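Report on one structure; see the data block that follows.
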Amino acid sequence: MLVLDAYSYNLPLLLAQRRGWTMLKNRKSPEDLSAENLRRAMRLPASYVITQNATYAAEVVDVFPGIAAYLRPLANNGRLTLWQLRKSPLAARWTVYPDSAAQSAPAWRAASAHVTAGPPALAQPDDARLPNGCAQRLICSYSAQAVGISPGEQLLLAARYQAGPDTGAYLSVCLEAGPGGASYWQERVDCRPTRPGEWEPVGAALTLPARRAATDILKVYLIKKGTGSVVFDAMEMSVLPATPRS
């Protein structure tokens with residue numbers, strides 16, 4: 001058993017009378033809920049994962065969205081969720097890096113199960129930057145038909161960012177009814193202020209609805225809160241196939 005975002009290192013396993021591993025938010029600990037540690041934890045010989053519903057999105061998924069490819073939901077009592085840990089993660093149907101010049105939407109339609117368009121950019125001139133006085137920026141805009149959106153699939157977003165003191169931001173992910181049309185589906189992912197000079201991870205695993213028309217558009221915006229500057233970098237977008245019902 002692997003307990004993510006545990007409230008103590010040993011108590012969850014003692015109360016459950018199970019052997020296993022625990023991870024919690026503690027930057028000074030090797031069991032900290034960092035993206036690197038979570039990715040490593042997916043290789044542990046555990047069969048089941050337990051998460052807290054109240055903190056799963058902010059403490060686990062926001063840091064490591066790719067965890068959605070490893071977990072299959074089994075049970076939920078309103079406070080805790082029991083997952084089965086997949087030995088082989090779900091393969092993304094497509095993966096792109098919106099801040100890379102090599103990205104090309106037609107490449108998403110290749111026949112391979114996992115399509116990658118270009119390497120992730122790091123600190124390049126085309127990063128999403130919101131300086132003082134700029135409140136919003138469109139990061140990417142793609143045809144919903146080109147990416148083949150299907151209901152029940154999961155859109156994974158992963159990036160890193162820096163936000164100045166007293167400055168936050170959020171990603172707005174939406175489906176719009178054609179060019180210039182109104183948004184009919186929208187989700188928000190918050191980015192809190194960061195420590196000076198440090199990059200923080202941010203991400204989400206969002207369940208996609210059915211698109212209304214072939215002309216619909218998938219867009220991602222960065223919207224700033226506060227007067228400082230925000231830098232948003234190394235963004236990756238993937239779509240996982242819908243989890244089959246068992």
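Going by the structure tokens order, chains are called A, B, ..., each with residues numbered from 1, while ligands are numbered from 1 in the order shown.
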
Contacts of region 173-210 of chain A with region 159-164 of chain A up to 7 Å, shortest pair per row, only C-alpha atoms, as a Markdown table:
```
| residue | atom | partner | partner_atom | distance |
| --- | --- | --- | --- | --- |
| A:Pro193 | CA | A:Ala163 | CA | 5.0 |
| A:Thr194 | CA | A:Ala163 | CA | 5.4 |
| A:Glu198 | CA | A:Gln162 | CA | 6.6 |
| A:Trp199 | CA | A:Gln162 | CA | 5.3 |
| A:Glu200 | CA | A:Arg160 | CA | 5.3 |
| A:Pro201 | CA | A:Arg160 | CA | 4.3 |
| A:Val202 | CA | A:Ala159 | CA | 5.5 |
| A:Gly203 | CA | A:Ala159 | CA | 6.2 |
```

Could you tell me, as a short mmCIF file (atom, residue, chain, number, x, y, z; two decimals) with N, CA, C and O atoms, in the first residue's frame, which residues of region 12-203 of chain A DSSP assigns to helix (DSSP H, G or I) when given the backbone?
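Produced file selection22.cif, reproduced below:
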```
data_model
loop_
_atom_site.label_atom_id
_atom_site.label_comp_id
_atom_site.auth_asym_id
_atom_site.auth_seq_id
_atom_site.Cartn_x
_atom_site.Cartn_y
_atom_site.Cartn_z
N PRO A 12 -0.92 6.02 9.26
CA PRO A 12 -1.87 5.41 8.31
C PRO A 12 -1.67 3.92 8.13
O PRO A 12 -2.63 3.15 8.05
N LEU A 13 -0.41 3.48 8.07
CA LEU A 13 -0.13 2.06 7.88
C LEU A 13 -0.43 1.25 9.15
O LEU A 13 -0.93 0.12 9.07
N LEU A 14 -0.15 1.85 10.31
CA LEU A 14 -0.46 1.16 11.57
C LEU A 14 -1.96 0.97 11.74
O LEU A 14 -2.43 -0.12 12.10
N LEU A 15 -2.74 2.01 11.45
CA LEU A 15 -4.20 1.91 11.59
C LEU A 15 -4.80 0.94 10.58
O LEU A 15 -5.78 0.25 10.87
N ALA A 16 -4.24 0.90 9.38
CA ALA A 16 -4.75 -0.01 8.35
C ALA A 16 -4.21 -1.42 8.52
O ALA A 16 -4.68 -2.35 7.84
N ALA A 35 7.47 16.20 -7.66
CA ALA A 35 7.24 15.47 -8.91
C ALA A 35 8.23 14.33 -9.06
O ALA A 35 7.86 13.22 -9.46
N GLU A 36 9.49 14.58 -8.73
CA GLU A 36 10.52 13.55 -8.86
C GLU A 36 10.23 12.37 -7.94
O GLU A 36 10.32 11.21 -8.34
N ASN A 37 9.87 12.66 -6.68
CA ASN A 37 9.60 11.59 -5.73
C ASN A 37 8.33 10.82 -6.08
O ASN A 37 8.25 9.60 -5.91
N LEU A 38 7.30 11.52 -6.56
CA LEU A 38 6.07 10.85 -6.95
C LEU A 38 6.30 9.93 -8.15
O LEU A 38 5.78 8.82 -8.21
N ARG A 39 7.08 10.40 -9.10
CA ARG A 39 7.40 9.57 -10.27
C ARG A 39 8.16 8.31 -9.83
O ARG A 39 7.89 7.21 -10.33
N ARG A 40 9.06 8.47 -8.89
CA ARG A 40 9.81 7.33 -8.37
C ARG A 40 8.88 6.38 -7.59
O ARG A 40 9.02 5.16 -7.67
N ALA A 41 7.92 6.94 -6.86
CA ALA A 41 7.01 6.12 -6.06
C ALA A 41 6.13 5.22 -6.93
O ALA A 41 5.71 4.15 -6.49
N TYR A 56 -5.88 15.87 -2.63
CA TYR A 56 -5.31 15.11 -3.74
C TYR A 56 -4.98 16.00 -4.94
O TYR A 56 -3.89 15.92 -5.51
N ALA A 57 -5.90 16.88 -5.32
CA ALA A 57 -5.66 17.72 -6.50
C ALA A 57 -4.50 18.68 -6.27
O ALA A 57 -3.58 18.79 -7.08
N ALA A 58 -4.52 19.41 -5.15
CA ALA A 58 -3.53 20.46 -4.92
C ALA A 58 -2.16 19.91 -4.54
O ALA A 58 -1.14 20.46 -4.96
N GLU A 59 -2.12 18.84 -3.76
CA GLU A 59 -0.84 18.36 -3.25
C GLU A 59 -0.19 17.28 -4.12
O GLU A 59 1.01 17.04 -4.04
N VAL A 60 -1.00 16.60 -4.93
CA VAL A 60 -0.46 15.48 -5.72
C VAL A 60 -0.55 15.77 -7.22
O VAL A 60 0.46 15.84 -7.92
N VAL A 61 -1.76 15.97 -7.74
CA VAL A 61 -1.95 16.13 -9.18
C VAL A 61 -1.32 17.42 -9.70
O VAL A 61 -0.71 17.44 -10.77
N PRO A 65 0.97 15.76 -12.65
CA PRO A 65 -0.24 15.36 -13.36
C PRO A 65 -0.17 13.98 -13.98
O PRO A 65 -1.18 13.30 -14.13
N GLY A 66 1.05 13.54 -14.33
CA GLY A 66 1.22 12.24 -14.95
C GLY A 66 0.80 11.07 -14.08
O GLY A 66 0.67 9.95 -14.58
N ILE A 67 0.52 11.33 -12.80
CA ILE A 67 0.06 10.25 -11.93
C ILE A 67 -1.27 9.68 -12.40
O ILE A 67 -1.60 8.53 -12.12
N ALA A 68 -2.03 10.47 -13.15
CA ALA A 68 -3.33 10.01 -13.65
C ALA A 68 -3.19 8.79 -14.55
O ALA A 68 -4.11 7.99 -14.68
N ALA A 69 -2.02 8.62 -15.17
CA ALA A 69 -1.80 7.47 -16.06
C ALA A 69 -1.55 6.19 -15.28
O ALA A 69 -1.64 5.10 -15.84
N ALA A 105 0.47 20.95 -34.88
CA ALA A 105 -0.79 20.27 -34.60
C ALA A 105 -1.04 19.06 -35.49
O ALA A 105 -1.52 18.03 -35.00
N PRO A 106 -0.75 19.08 -36.81
CA PRO A 106 -1.02 17.89 -37.63
C PRO A 106 -0.27 16.65 -37.16
O PRO A 106 -0.71 15.53 -37.38
N ALA A 107 0.87 16.84 -36.48
CA ALA A 107 1.63 15.69 -36.01
C ALA A 107 0.86 14.89 -34.98
O ALA A 107 1.14 13.71 -34.76
N TRP A 108 -0.12 15.50 -34.32
CA TRP A 108 -0.90 14.81 -33.31
C TRP A 108 -1.69 13.66 -33.92
O TRP A 108 -2.07 12.72 -33.23
N ARG A 109 -1.98 13.77 -35.19
CA ARG A 109 -2.86 12.79 -35.84
C ARG A 109 -2.08 11.60 -36.38
O ARG A 109 -2.64 10.78 -37.10
N ALA A 144 -10.39 21.66 -31.70
CA ALA A 144 -10.82 20.48 -30.95
C ALA A 144 -10.93 19.27 -31.87
O ALA A 144 -10.71 18.12 -31.45
N GLN A 145 -11.25 19.49 -33.15
CA GLN A 145 -11.32 18.38 -34.10
C GLN A 145 -9.93 17.82 -34.38
O GLN A 145 -9.74 16.61 -34.46
N ALA A 146 -8.92 18.70 -34.48
CA ALA A 146 -7.56 18.25 -34.79
C ALA A 146 -6.99 17.39 -33.68
O ALA A 146 -6.30 16.41 -33.93
N VAL A 147 -7.31 17.73 -32.42
CA VAL A 147 -6.77 16.94 -31.31
C VAL A 147 -7.66 15.75 -30.99
O VAL A 147 -7.28 14.90 -30.19
#
```

Ile217 (chain A) environment, 12 Å, only C-alpha atoms, sequence neighbours closer than 5 positions dropped, as a PDB file with N, CA and C atoms, in the first residue's frame:
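result-v7.pdb written:
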```
ATOM      1  N   CYS A 140      -2.059  28.861 -25.761  1.00  0.00           N
ATOM      2  CA  CYS A 140      -2.216  28.018 -26.942  1.00  0.00           C
ATOM      3  C   CYS A 140      -3.684  27.938 -27.327  1.00  0.00           C
ATOM      4  N   SER A 141      -3.920  27.692 -28.600  1.00  0.00           N
ATOM      5  CA  SER A 141      -5.265  27.592 -29.145  1.00  0.00           C
ATOM      6  C   SER A 141      -5.240  26.550 -30.258  1.00  0.00           C
ATOM      7  N   TYR A 142      -6.004  25.450 -30.072  1.00  0.00           N
ATOM      8  CA  TYR A 142      -5.987  24.349 -31.024  1.00  0.00           C
ATOM      9  C   TYR A 142      -7.400  23.939 -31.408  1.00  0.00           C
ATOM     10  N   SER A 143      -7.560  23.472 -32.614  1.00  0.00           N
ATOM     11  CA  SER A 143      -8.841  22.954 -33.068  1.00  0.00           C
ATOM     12  C   SER A 143      -9.188  21.691 -32.287  1.00  0.00           C
ATOM     13  N   ALA A 144     -10.386  21.658 -31.703  1.00  0.00           N
ATOM     14  CA  ALA A 144     -10.821  20.476 -30.955  1.00  0.00           C
ATOM     15  C   ALA A 144     -10.929  19.265 -31.874  1.00  0.00           C
ATOM     16  N   GLN A 145     -11.249  19.492 -33.147  1.00  0.00           N
ATOM     17  CA  GLN A 145     -11.322  18.383 -34.103  1.00  0.00           C
ATOM     18  C   GLN A 145      -9.929  17.821 -34.382  1.00  0.00           C
ATOM     19  N   ALA A 146      -8.923  18.705 -34.482  1.00  0.00           N
ATOM     20  CA  ALA A 146      -7.557  18.251 -34.786  1.00  0.00           C
ATOM     21  C   ALA A 146      -6.995  17.385 -33.677  1.00  0.00           C
ATOM     22  N   VAL A 147      -7.306  17.733 -32.423  1.00  0.00           N
ATOM     23  CA  VAL A 147      -6.773  16.941 -31.315  1.00  0.00           C
ATOM     24  C   VAL A 147      -7.662  15.748 -30.989  1.00  0.00           C
ATOM     25  N   GLY A 148      -8.841  15.672 -31.615  1.00  0.00           N
ATOM     26  CA  GLY A 148      -9.694  14.500 -31.449  1.00  0.00           C
ATOM     27  C   GLY A 148     -10.251  14.336 -30.053  1.00  0.00           C
ATOM     28  N   ILE A 149     -10.765  15.416 -29.458  1.00  0.00           N
ATOM     29  CA  ILE A 149     -11.291  15.362 -28.096  1.00  0.00           C
ATOM     30  C   ILE A 149     -12.479  14.410 -28.010  1.00  0.00           C
ATOM     31  N   VAL A 173      -8.426  26.784 -18.717  1.00  0.00           N
ATOM     32  CA  VAL A 173      -8.532  25.838 -19.830  1.00  0.00           C
ATOM     33  C   VAL A 173      -9.995  25.801 -20.257  1.00  0.00           C
ATOM     34  N   CYS A 174     -10.256  26.007 -21.538  1.00  0.00           N
ATOM     35  CA  CYS A 174     -11.656  26.098 -21.959  1.00  0.00           C
ATOM     36  C   CYS A 174     -11.869  25.533 -23.361  1.00  0.00           C
ATOM     37  N   LEU A 175     -13.103  25.169 -23.615  1.00  0.00           N
ATOM     38  CA  LEU A 175     -13.575  24.829 -24.956  1.00  0.00           C
ATOM     39  C   LEU A 175     -14.534  25.923 -25.391  1.00  0.00           C
ATOM     40  N   GLU A 176     -14.264  26.491 -26.563  1.00  0.00           N
ATOM     41  CA  GLU A 176     -15.093  27.576 -27.084  1.00  0.00           C
ATOM     42  C   GLU A 176     -15.844  27.126 -28.323  1.00  0.00           C
ATOM     43  N   ALA A 177     -17.019  27.689 -28.510  1.00  0.00           N
ATOM     44  CA  ALA A 177     -17.877  27.328 -29.636  1.00  0.00           C
ATOM     45  C   ALA A 177     -17.415  28.051 -30.892  1.00  0.00           C
ATOM     46  N   GLY A 178     -16.358  27.540 -31.514  1.00  0.00           N
ATOM     47  CA  GLY A 178     -15.864  28.106 -32.768  1.00  0.00           C
ATOM     48  C   GLY A 178     -15.075  29.382 -32.545  1.00  0.00           C
ATOM     49  N   PRO A 179     -14.420  29.891 -33.603  1.00  0.00           N
ATOM     50  CA  PRO A 179     -13.628  31.121 -33.501  1.00  0.00           C
ATOM     51  C   PRO A 179     -14.481  32.285 -33.001  1.00  0.00           C
ATOM     52  N   GLY A 180     -14.050  32.908 -31.915  1.00  0.00           N
ATOM     53  CA  GLY A 180     -14.780  34.036 -31.363  1.00  0.00           C
ATOM     54  C   GLY A 180     -16.024  33.663 -30.581  1.00  0.00           C
ATOM     55  N   GLY A 181     -16.290  32.369 -30.424  1.00  0.00           N
ATOM     56  CA  GLY A 181     -17.486  31.937 -29.728  1.00  0.00           C
ATOM     57  C   GLY A 181     -17.318  31.924 -28.218  1.00  0.00           C
ATOM     58  N   ALA A 182     -18.429  31.746 -27.532  1.00  0.00           N
ATOM     59  CA  ALA A 182     -18.409  31.727 -26.070  1.00  0.00           C
ATOM     60  C   ALA A 182     -17.862  30.405 -25.551  1.00  0.00           C
ATOM     61  N   SER A 183     -17.304  30.455 -24.343  1.00  0.00           N
ATOM     62  CA  SER A 183     -16.798  29.252 -23.689  1.00  0.00           C
ATOM     63  C   SER A 183     -17.961  28.465 -23.088  1.00  0.00           C
ATOM     64  N   TYR A 184     -18.012  27.152 -23.338  1.00  0.00           N
ATOM     65  CA  TYR A 184     -19.063  26.322 -22.750  1.00  0.00           C
ATOM     66  C   TYR A 184     -18.508  25.296 -21.766  1.00  0.00           C
ATOM     67  N   TRP A 185     -17.179  25.191 -21.655  1.00  0.00           N
ATOM     68  CA  TRP A 185     -16.533  24.343 -20.641  1.00  0.00           C
ATOM     69  C   TRP A 185     -15.260  25.032 -20.224  1.00  0.00           C
ATOM     70  N   GLN A 186     -15.055  25.145 -18.907  1.00  0.00           N
ATOM     71  CA  GLN A 186     -13.893  25.873 -18.423  1.00  0.00           C
ATOM     72  C   GLN A 186     -13.440  25.291 -17.091  1.00  0.00           C
ATOM     73  N   ARG A 211     -17.095  17.438 -27.268  1.00  0.00           N
ATOM     74  CA  ARG A 211     -17.122  18.713 -27.976  1.00  0.00           C
ATOM     75  C   ARG A 211     -18.459  18.848 -28.690  1.00  0.00           C
ATOM     76  N   ARG A 212     -18.923  20.074 -28.836  1.00  0.00           N
ATOM     77  CA  ARG A 212     -20.242  20.318 -29.431  1.00  0.00           C
ATOM     78  C   ARG A 212     -20.206  20.327 -30.952  1.00  0.00           C
TER      79      ARG A 212
END
```

- [ ] Within 6 Å of Gln84 (chain A), counting only C-alpha atoms, which residues show up once you throw out same-chain ones fewer than 3 positions away? Write them as a PyMOL selection string, please.
- [x] chain A and resi 48+71-72

Open item on the list: I'd like the neighbourhood of Arg137 (chain A) as number ranges by chain, where a residue qualifies if any of its atoms comes within 8 Å (using only C-alpha atoms), though same-chain residues fewer than 3 positions away should be ignored.
Closed with: A: 128-130, 221-223

Okay, now the selection with N, CA, C and O atoms, as an mmCIF file, in the first residue's frame?
```
data_model
loop_
_atom_site.group_PDB
_atom_site.id
_atom_site.type_symbol
_atom_site.label_atom_id
_atom_site.label_comp_id
_atom_site.auth_asym_id
_atom_site.auth_seq_id
_atom_site.Cartn_x
_atom_site.Cartn_y
_atom_site.Cartn_z
ATOM 1 N N ALA A 128 5.679 32.020 -21.706
ATOM 2 C CA ALA A 128 4.549 32.878 -21.374
ATOM 3 C C ALA A 128 4.963 33.793 -20.225
ATOM 4 O O ALA A 128 5.184 33.336 -19.111
ATOM 5 N N ARG A 129 5.096 35.071 -20.519
ATOM 6 C CA ARG A 129 5.499 36.043 -19.514
ATOM 7 C C ARG A 129 4.416 37.095 -19.364
ATOM 8 O O ARG A 129 3.922 37.634 -20.349
ATOM 9 N N LEU A 130 4.061 37.385 -18.119
ATOM 10 C CA LEU A 130 3.126 38.454 -17.828
ATOM 11 C C LEU A 130 3.848 39.482 -16.966
ATOM 12 O O LEU A 130 3.934 39.327 -15.746
ATOM 13 N N TYR A 221 -5.310 29.814 -21.283
ATOM 14 C CA TYR A 221 -4.886 31.177 -20.976
ATOM 15 C C TYR A 221 -4.103 31.194 -19.666
ATOM 16 O O TYR A 221 -4.337 30.373 -18.771
ATOM 17 N N LEU A 222 -3.183 32.147 -19.537
ATOM 18 C CA LEU A 222 -2.547 32.461 -18.266
ATOM 19 C C LEU A 222 -3.080 33.817 -17.821
ATOM 20 O O LEU A 222 -2.957 34.806 -18.538
ATOM 21 N N ILE A 223 -3.688 33.862 -16.647
ATOM 22 C CA ILE A 223 -4.303 35.086 -16.129
ATOM 23 C C ILE A 223 -3.655 35.418 -14.789
ATOM 24 O O ILE A 223 -3.583 34.572 -13.895
#
```

- [ ] Write out as a PyMOL selection string which residues come within 6 Å of Ala169 (chain A) when counting only C-alpha atoms, dropping same-chain ones fewer than 3 positions away.
- [x] chain A and resi 191+223-225

Would you put the residues from that selection into a file with N, CA and C atoms, as a PDB file, in the first residue's frame?
```pdb
ATOM      1  N   CYS A 191      -2.021  29.092  -9.510  1.00  0.00           N
ATOM      2  CA  CYS A 191      -0.569  29.192  -9.314  1.00  0.00           C
ATOM      3  C   CYS A 191      -0.330  30.195  -8.190  1.00  0.00           C
ATOM      4  N   ILE A 223      -3.688  33.862 -16.647  1.00  0.00           N
ATOM      5  CA  ILE A 223      -4.303  35.086 -16.129  1.00  0.00           C
ATOM      6  C   ILE A 223      -3.655  35.418 -14.789  1.00  0.00           C
ATOM      7  N   LYS A 224      -3.192  36.646 -14.665  1.00  0.00           N
ATOM      8  CA  LYS A 224      -2.432  37.052 -13.485  1.00  0.00           C
ATOM      9  C   LYS A 224      -3.323  37.714 -12.453  1.00  0.00           C
ATOM     10  N   LYS A 225      -2.943  37.512 -11.177  1.00  0.00           N
ATOM     11  CA  LYS A 225      -3.586  38.187 -10.056  1.00  0.00           C
ATOM     12  C   LYS A 225      -2.498  38.951  -9.308  1.00  0.00           C
TER      13      LYS A 225
END
```

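All residues of region 188-234 of chain A that DSSP, run on the backbone, classes as strand (DSSP E) are A:Arg188, A:Val189, A:Asp190, A:Cys191, A:Glu200, A:Pro201, A:Val202, A:Gly203, A:Ala204, A:Ala205, A:Leu206, A:Thr207, A:Ile217, A:Leu218, A:Lys219, A:Val220, A:Tyr221, A:Leu222, A:Ile223, A:Lys224, A:Lys225, A:Val230, A:Val231, A:Phe232, A:Asp233, A:Ala234.
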
Need the shell around Arg18 (chain A): protein/DNA/RNA residues with any atom at most 12 Å away, counting only C-alpha atoms. Skip same-chain ones fewer than 6 positions apart. Format as a PDB file with N, CA, C and O atoms, in the first residue's frame?
```pdb
ATOM      1  N   MET A   1       0.842  -1.184   0.000  1.00  0.00           N
ATOM      2  CA  MET A   1       0.000   0.000   0.000  1.00  0.00           C
ATOM      3  C   MET A   1       0.888   1.248   0.000  1.00  0.00           C
ATOM      4  O   MET A   1       1.892   1.302   0.705  1.00  0.00           O
ATOM      5  N   LEU A   2       0.516   2.230  -0.813  1.00  0.00           N
ATOM      6  CA  LEU A   2       1.211   3.510  -0.881  1.00  0.00           C
ATOM      7  C   LEU A   2       0.220   4.602  -0.498  1.00  0.00           C
ATOM      8  O   LEU A   2      -0.823   4.740  -1.139  1.00  0.00           O
ATOM      9  N   VAL A   3       0.517   5.346   0.563  1.00  0.00           N
ATOM     10  CA  VAL A   3      -0.362   6.423   1.028  1.00  0.00           C
ATOM     11  C   VAL A   3       0.253   7.752   0.607  1.00  0.00           C
ATOM     12  O   VAL A   3       1.363   8.086   1.036  1.00  0.00           O
ATOM     13  N   ASN A  10       3.919   7.046   9.790  1.00  0.00           N
ATOM     14  CA  ASN A  10       3.627   5.666  10.175  1.00  0.00           C
ATOM     15  C   ASN A  10       2.167   5.383  10.503  1.00  0.00           C
ATOM     16  O   ASN A  10       1.699   4.262  10.312  1.00  0.00           O
ATOM     17  N   LEU A  11       1.443   6.387  11.010  1.00  0.00           N
ATOM     18  CA  LEU A  11       0.102   6.138  11.539  1.00  0.00           C
ATOM     19  C   LEU A  11      -0.870   5.542  10.520  1.00  0.00           C
ATOM     20  O   LEU A  11      -1.618   4.615  10.851  1.00  0.00           O
ATOM     21  N   PRO A  12      -0.922   6.017   9.261  1.00  0.00           N
ATOM     22  CA  PRO A  12      -1.873   5.413   8.315  1.00  0.00           C
ATOM     23  C   PRO A  12      -1.673   3.917   8.132  1.00  0.00           C
ATOM     24  O   PRO A  12      -2.627   3.151   8.045  1.00  0.00           O
ATOM     25  N   ALA A  46       4.044  -1.605  -4.887  1.00  0.00           N
ATOM     26  CA  ALA A  46       2.755  -1.481  -4.207  1.00  0.00           C
ATOM     27  C   ALA A  46       1.643  -1.927  -5.153  1.00  0.00           C
ATOM     28  O   ALA A  46       1.785  -1.838  -6.375  1.00  0.00           O
ATOM     29  N   SER A  47       0.548  -2.409  -4.592  1.00  0.00           N
ATOM     30  CA  SER A  47      -0.616  -2.795  -5.387  1.00  0.00           C
ATOM     31  C   SER A  47      -1.706  -1.736  -5.352  1.00  0.00           C
ATOM     32  O   SER A  47      -2.460  -1.577  -6.310  1.00  0.00           O
ATOM     33  N   TYR A  48      -1.790  -0.994  -4.215  1.00  0.00           N
ATOM     34  CA  TYR A  48      -2.867  -0.027  -4.035  1.00  0.00           C
ATOM     35  C   TYR A  48      -2.315   1.301  -3.538  1.00  0.00           C
ATOM     36  O   TYR A  48      -1.272   1.353  -2.880  1.00  0.00           O
ATOM     37  N   VAL A  49      -3.050   2.368  -3.868  1.00  0.00           N
ATOM     38  CA  VAL A  49      -2.694   3.719  -3.448  1.00  0.00           C
ATOM     39  C   VAL A  49      -3.903   4.335  -2.748  1.00  0.00           C
ATOM     40  O   VAL A  49      -5.041   4.160  -3.196  1.00  0.00           O
ATOM     41  N   ILE A  50      -3.655   5.051  -1.656  1.00  0.00           N
ATOM     42  CA  ILE A  50      -4.715   5.764  -0.941  1.00  0.00           C
ATOM     43  C   ILE A  50      -4.391   7.250  -0.956  1.00  0.00           C
ATOM     44  O   ILE A  50      -3.248   7.654  -0.689  1.00  0.00           O
TER      45      ILE A  50
END
```

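The smallest atom-to-atom distance between Leu44 (chain A) and any of A:Thr22, A:Asn76, A:Ser229, A:Ser29, using only C-alpha atoms, is found for A:Thr22.
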
TODO: Work out how far apart CA of Asp233 (chain A) and CA of Ala205 (chain A) are and give it in Å to one decimal.
DONE: 18.0 Å

Open item on the list: Between CA of Leu240 (chain A) and CA of Leu24 (chain A), what distance in Å does the model show, to one decimal?
Closed with: 26.3 Å

- [ ] Record the distance separating CA of Ala158 (chain A) and CA of Met237 (chain A), expressed in Å with one decimal.
- [x] 6.7 Å

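The closest residue to Leu208 (chain A), picked from A:Ala92, A:Leu156, A:Ile139, A:Asp166 and counting only C-alpha atoms, is A:Leu156.
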